$ cat target-v1.pdb   # PDB, C-alpha atoms, pLDDT in the B column
ATOM      1  CA  MET A   1       8.360  -4.159 -66.449  1.00 45.00           C
ATOM      2  CA  SER A   2      11.934  -3.482 -65.381  1.00 56.00           C
ATOM      3  CA  ARG A   3      14.073  -6.106 -63.722  1.00 68.00           C
ATOM      4  CA  ARG A   4      16.387  -5.330 -60.865  1.00 72.00           C
ATOM      5  CA  ARG A   5      20.060  -5.324 -61.758  1.00 80.00           C
ATOM      6  CA  TYR A   6      21.299  -7.232 -58.681  1.00 79.00           C
ATOM      7  CA  VAL A   7      19.485 -10.075 -56.959  1.00 81.00           C
ATOM      8  CA  ALA A   8      20.558 -12.252 -54.029  1.00 79.00           C
ATOM      9  CA  ARG A   9      20.043 -15.906 -54.957  1.00 81.00           C
ATOM     10  CA  GLY A  10      20.377 -19.009 -52.881  1.00 81.00           C
ATOM     11  CA  VAL A  11      23.007 -21.462 -54.121  1.00 83.00           C
ATOM     12  CA  PRO A  12      24.425 -24.643 -52.547  1.00 86.00           C
ATOM     13  CA  GLY A  13      26.345 -23.484 -49.476  1.00 83.00           C
ATOM     14  CA  GLY A  14      24.808 -20.012 -49.121  1.00 82.00           C
ATOM     15  CA  TYR A  15      23.960 -16.980 -51.241  1.00 83.00           C
ATOM     16  CA  ARG A  16      25.516 -15.225 -54.223  1.00 87.00           C
ATOM     17  CA  ILE A  17      24.633 -12.004 -56.036  1.00 85.00           C
ATOM     18  CA  TRP A  18      23.389 -12.317 -59.608  1.00 86.00           C
ATOM     19  CA  ASP A  19      23.907  -9.405 -62.025  1.00 87.00           C
ATOM     20  CA  ASN A  20      20.931  -9.429 -64.428  1.00 87.00           C
ATOM     21  CA  ARG A  21      22.493  -6.918 -66.813  1.00 87.00           C
ATOM     22  CA  GLY A  22      25.876  -8.698 -67.017  1.00 89.00           C
ATOM     23  CA  ARG A  23      24.227 -12.136 -66.701  1.00 92.00           C
ATOM     24  CA  ARG A  24      26.874 -13.430 -64.301  1.00 92.00           C
ATOM     25  CA  TRP A  25      27.597 -13.906 -60.603  1.00 90.00           C
ATOM     26  CA  TRP A  26      28.928 -10.786 -58.895  1.00 82.00           C
ATOM     27  CA  GLY A  27      30.894 -10.893 -55.637  1.00 79.00           C
ATOM     28  CA  ASP A  28      31.701 -13.719 -53.280  1.00 80.00           C
ATOM     29  CA  LEU A  29      29.762 -16.682 -51.926  1.00 84.00           C
ATOM     30  CA  TYR A  30      28.229 -15.924 -48.505  1.00 78.00           C
ATOM     31  CA  GLU A  31      27.124 -18.587 -46.072  1.00 80.00           C
ATOM     32  CA  LEU A  32      24.654 -16.118 -44.616  1.00 72.00           C
ATOM     33  CA  CYS A  33      23.322 -13.161 -46.574  1.00 69.00           C
ATOM     34  CA  PRO A  34      23.869 -10.036 -44.408  1.00 76.00           C
ATOM     35  CA  ASP A  35      20.632  -8.173 -43.674  1.00 79.00           C
ATOM     36  CA  ASP A  36      21.834  -4.731 -44.788  1.00 84.00           C
ATOM     37  CA  LEU A  37      23.152  -6.152 -48.082  1.00 80.00           C
ATOM     38  CA  LEU A  38      19.867  -7.955 -48.716  1.00 78.00           C
ATOM     39  CA  THR A  39      17.915  -4.781 -47.877  1.00 82.00           C
ATOM     40  CA  GLU A  40      19.997  -2.752 -50.337  1.00 82.00           C
ATOM     41  CA  LEU A  41      19.603  -5.365 -53.082  1.00 78.00           C
ATOM     42  CA  ASN A  42      15.837  -5.498 -52.597  1.00 75.00           C
ATOM     43  CA  GLY A  43      15.564  -1.711 -52.349  1.00 79.00           C
ATOM     44  CA  ALA A  44      17.424   0.947 -54.320  1.00 79.00           C
ATOM     45  CA  ALA A  45      20.291  -1.419 -55.284  1.00 76.00           C
ATOM     46  CA  ASP A  46      22.729   1.483 -55.596  1.00 81.00           C
ATOM     47  CA  GLN A  47      25.891  -0.007 -57.095  1.00 83.00           C
ATOM     48  CA  THR A  48      28.280   2.090 -54.978  1.00 89.00           C
ATOM     49  CA  ARG A  49      26.467   1.130 -51.758  1.00 89.00           C
ATOM     50  CA  VAL A  50      26.369  -2.568 -52.753  1.00 85.00           C
ATOM     51  CA  THR A  51      30.092  -2.461 -53.578  1.00 86.00           C
ATOM     52  CA  ALA A  52      30.902  -0.823 -50.227  1.00 90.00           C
ATOM     53  CA  LEU A  53      28.905  -3.467 -48.344  1.00 87.00           C
ATOM     54  CA  LEU A  54      30.623  -6.280 -50.273  1.00 83.00           C
ATOM     55  CA  LYS A  55      34.064  -4.858 -49.445  1.00 87.00           C
ATOM     56  CA  ARG A  56      33.092  -4.611 -45.790  1.00 87.00           C
ATOM     57  CA  TYR A  57      31.928  -8.235 -45.573  1.00 79.00           C
ATOM     58  CA  ARG A  58      34.884  -9.466 -47.633  1.00 77.00           C
ATOM     59  CA  ALA A  59      37.234  -7.824 -45.086  1.00 80.00           C
ATOM     60  CA  LEU A  60      35.367  -9.450 -42.182  1.00 74.00           C
ATOM     61  CA  LYS A  61      35.839 -12.907 -43.737  1.00 65.00           C
ATOM     62  CA  ARG A  62      39.648 -12.587 -43.496  1.00 57.00           C
TER      63      ARG A  62
END
$ encode --input "target-v1.pdb" --output "structure tokens"
Amino acid sequence: MSRRRYVARGVPGGYRIWDNRGRRWWGDLYELCPDDLLTELNGAADQTRVTALLKRYRALKR
């Protein structure tokens, strides 16, 4: 059984992304988990696509 590398997990105040391979939080805290990011994490979880989505949402927070 293989485990997914990235998983969106609920934490106090919103959601964070957990890296199973690195065993640490990856990215920022989100009050709401964007649908396309959640879909990518639950699907193929392509690291370049996840990184691009994180950069996009990080820029929108500013």
$ atom_distance --input "target-v1.pdb" --atom1 "CA of Trp18 (chain A)" --atom2 "CA of Tyr6 (chain A)"
5.6 Å
$ atom_distance --input "target-v1.pdb" --atom1 "CA of Arg4 (chain A)" --atom2 "CA of Leu32 (chain A)"
21.2 Å
$ atom_distance --input "target-v1.pdb" --atom1 "CA of Gly27 (chain A)" --atom2 "CA of Thr39 (chain A)"
16.3 Å
$ resolve_selection --input "target-v1.pdb" --expression "the PyMOL selection byres ((chain A and resi 8) around 10)" --output "list in words"
Tyr6, Val7, Arg9, Gly10, Val11, Tyr15, Arg16, Ile17, Trp18, Asp19, Trp25, Trp26, Cys33, Leu37, Leu38, Leu41 and Asn42 of chain A
$ closest_residue --input "target-v1.pdb" --among "A:Gly13, A:Asp46, A:Leu29, A:Asp35" --to "Arg58 (chain A)" --atoms "all atoms listed in the file"
A:Leu29
$ axis_aligned_box --input "target-v1.pdb" --around "region 26-35 of chain A" --padding-each-side "3 Å" --output "JSON"
{"center_x": 26.2, "center_y": -13.4, "center_z": -51.3, "size_x": 17.1, "size_y": 16.4, "size_z": 21.2}
$ residues_around --input "target-v1.pdb" --residues "Leu60 (chain A)" --least-positions-apart "4" --cutoff "12 Å" --atoms "only C-alpha atoms" --output "ChimeraX atom specification"
/A:30,34,53-56
$ closest_residue --input "target-v1.pdb" --among "A:Thr48, A:Arg5, A:Asp36, A:Gly43" --to "Gly22 (chain A)" --atoms "all atoms listed in the file"
A:Arg5
$ build_atoms --input "target-v1.pdb" --residues "region 30-41 of chain A" --atoms "all heavy atoms" --output "JSON list (two decimals), in the coordinates of the input"
[["chain", "number", "residue", "atom", "x", "y", "z"],
["A", 30, "TYR", "N", 28.46, -16.19, -49.93],
["A", 30, "TYR", "CA", 28.23, -15.92, -48.50],
["A", 30, "TYR", "C", 27.43, -17.07, -47.91],
["A", 30, "TYR", "O", 26.44, -17.49, -48.50],
["A", 30, "TYR", "CB", 27.46, -14.62, -48.31],
["A", 30, "TYR", "CG", 28.22, -13.41, -48.78],
["A", 30, "TYR", "CD1", 28.03, -12.90, -50.05],
["A", 30, "TYR", "CD2", 29.14, -12.82, -47.94],
["A", 30, "TYR", "CE1", 28.75, -11.80, -50.48],
["A", 30, "TYR", "CE2", 29.88, -11.71, -48.37],
["A", 30, "TYR", "CZ", 29.67, -11.22, -49.64],
["A", 30, "TYR", "OH", 30.38, -10.15, -50.08],
["A", 31, "GLU", "N", 27.89, -17.55, -46.76],
["A", 31, "GLU", "CA", 27.12, -18.59, -46.07],
["A", 31, "GLU", "C", 25.81, -18.02, -45.58],
["A", 31, "GLU", "O", 24.78, -18.67, -45.65],
["A", 31, "GLU", "CB", 27.93, -19.16, -44.91],
["A", 31, "GLU", "CG", 29.10, -20.00, -45.37],
["A", 31, "GLU", "CD", 29.88, -20.58, -44.21],
["A", 31, "GLU", "OE1", 29.34, -20.63, -43.08],
["A", 31, "GLU", "OE2", 31.02, -21.00, -44.44],
["A", 32, "LEU", "N", 25.86, -16.83, -45.05],
["A", 32, "LEU", "CA", 24.65, -16.12, -44.62],
["A", 32, "LEU", "C", 24.61, -14.80, -45.38],
["A", 32, "LEU", "O", 25.63, -14.13, -45.51],
["A", 32, "LEU", "CB", 24.69, -15.85, -43.12],
["A", 32, "LEU", "CG", 24.73, -17.08, -42.22],
["A", 32, "LEU", "CD1", 24.93, -16.66, -40.77],
["A", 32, "LEU", "CD2", 23.46, -17.89, -42.36],
["A", 33, "CYS", "N", 23.45, -14.43, -45.85],
["A", 33, "CYS", "CA", 23.32, -13.16, -46.57],
["A", 33, "CYS", "C", 23.09, -12.06, -45.54],
["A", 33, "CYS", "O", 22.08, -12.07, -44.84],
["A", 33, "CYS", "CB", 22.17, -13.22, -47.57],
["A", 33, "CYS", "SG", 22.18, -11.87, -48.74],
["A", 34, "PRO", "N", 24.02, -11.12, -45.40],
["A", 34, "PRO", "CA", 23.87, -10.04, -44.41],
["A", 34, "PRO", "C", 22.59, -9.23, -44.66],
["A", 34, "PRO", "O", 22.25, -8.93, -45.79],
["A", 34, "PRO", "CB", 25.11, -9.17, -44.63],
["A", 34, "PRO", "CG", 26.08, -10.08, -45.34],
["A", 34, "PRO", "CD", 25.25, -11.01, -46.15],
["A", 35, "ASP", "N", 21.91, -8.87, -43.58],
["A", 35, "ASP", "CA", 20.63, -8.17, -43.67],
["A", 35, "ASP", "C", 20.72, -6.84, -44.42],
["A", 35, "ASP", "O", 19.87, -6.54, -45.24],
["A", 35, "ASP", "CB", 20.04, -7.93, -42.28],
["A", 35, "ASP", "CG", 19.57, -9.21, -41.62],
["A", 35, "ASP", "OD1", 19.31, -10.19, -42.35],
["A", 35, "ASP", "OD2", 19.47, -9.23, -40.39],
["A", 36, "ASP", "N", 21.76, -6.03, -44.12],
["A", 36, "ASP", "CA", 21.83, -4.73, -44.79],
["A", 36, "ASP", "C", 22.15, -4.87, -46.28],
["A", 36, "ASP", "O", 21.65, -4.10, -47.09],
["A", 36, "ASP", "CB", 22.82, -3.79, -44.11],
["A", 36, "ASP", "CG", 24.19, -4.38, -43.88],
["A", 36, "ASP", "OD1", 24.36, -5.58, -44.09],
["A", 36, "ASP", "OD2", 25.09, -3.62, -43.47],
["A", 37, "LEU", "N", 22.90, -5.90, -46.66],
["A", 37, "LEU", "CA", 23.15, -6.15, -48.08],
["A", 37, "LEU", "C", 21.87, -6.60, -48.77],
["A", 37, "LEU", "O", 21.53, -6.11, -49.85],
["A", 37, "LEU", "CB", 24.24, -7.20, -48.25],
["A", 37, "LEU", "CG", 24.58, -7.62, -49.68],
["A", 37, "LEU", "CD1", 25.03, -6.42, -50.51],
["A", 37, "LEU", "CD2", 25.65, -8.69, -49.67],
["A", 38, "LEU", "N", 21.13, -7.48, -48.15],
["A", 38, "LEU", "CA", 19.87, -7.96, -48.72],
["A", 38, "LEU", "C", 18.86, -6.81, -48.84],
["A", 38, "LEU", "O", 18.18, -6.69, -49.85],
["A", 38, "LEU", "CB", 19.29, -9.08, -47.85],
["A", 38, "LEU", "CG", 18.10, -9.82, -48.39],
["A", 38, "LEU", "CD1", 18.42, -10.46, -49.74],
["A", 38, "LEU", "CD2", 17.64, -10.87, -47.42],
["A", 39, "THR", "N", 18.81, -5.93, -47.84],
["A", 39, "THR", "CA", 17.92, -4.78, -47.88],
["A", 39, "THR", "C", 18.27, -3.86, -49.04],
["A", 39, "THR", "O", 17.40, -3.39, -49.76],
["A", 39, "THR", "CB", 17.98, -4.01, -46.55],
["A", 39, "THR", "OG1", 17.60, -4.88, -45.49],
["A", 39, "THR", "CG2", 17.07, -2.80, -46.56],
["A", 40, "GLU", "N", 19.56, -3.61, -49.24],
["A", 40, "GLU", "CA", 20.00, -2.75, -50.34],
["A", 40, "GLU", "C", 19.68, -3.39, -51.69],
["A", 40, "GLU", "O", 19.21, -2.72, -52.60],
["A", 40, "GLU", "CB", 21.50, -2.47, -50.24],
["A", 40, "GLU", "CG", 22.00, -1.50, -51.27],
["A", 40, "GLU", "CD", 21.41, -0.10, -51.15],
["A", 40, "GLU", "OE1", 21.11, 0.34, -50.03],
["A", 40, "GLU", "OE2", 21.25, 0.55, -52.20],
["A", 41, "LEU", "N", 19.90, -4.68, -51.82],
["A", 41, "LEU", "CA", 19.60, -5.36, -53.08],
["A", 41, "LEU", "C", 18.11, -5.36, -53.40],
["A", 41, "LEU", "O", 17.72, -5.24, -54.56],
["A", 41, "LEU", "CB", 20.12, -6.80, -53.05],
["A", 41, "LEU", "CG", 21.63, -6.96, -53.10],
["A", 41, "LEU", "CD1", 22.01, -8.39, -52.76],
["A", 41, "LEU", "CD2", 22.17, -6.56, -54.45]]
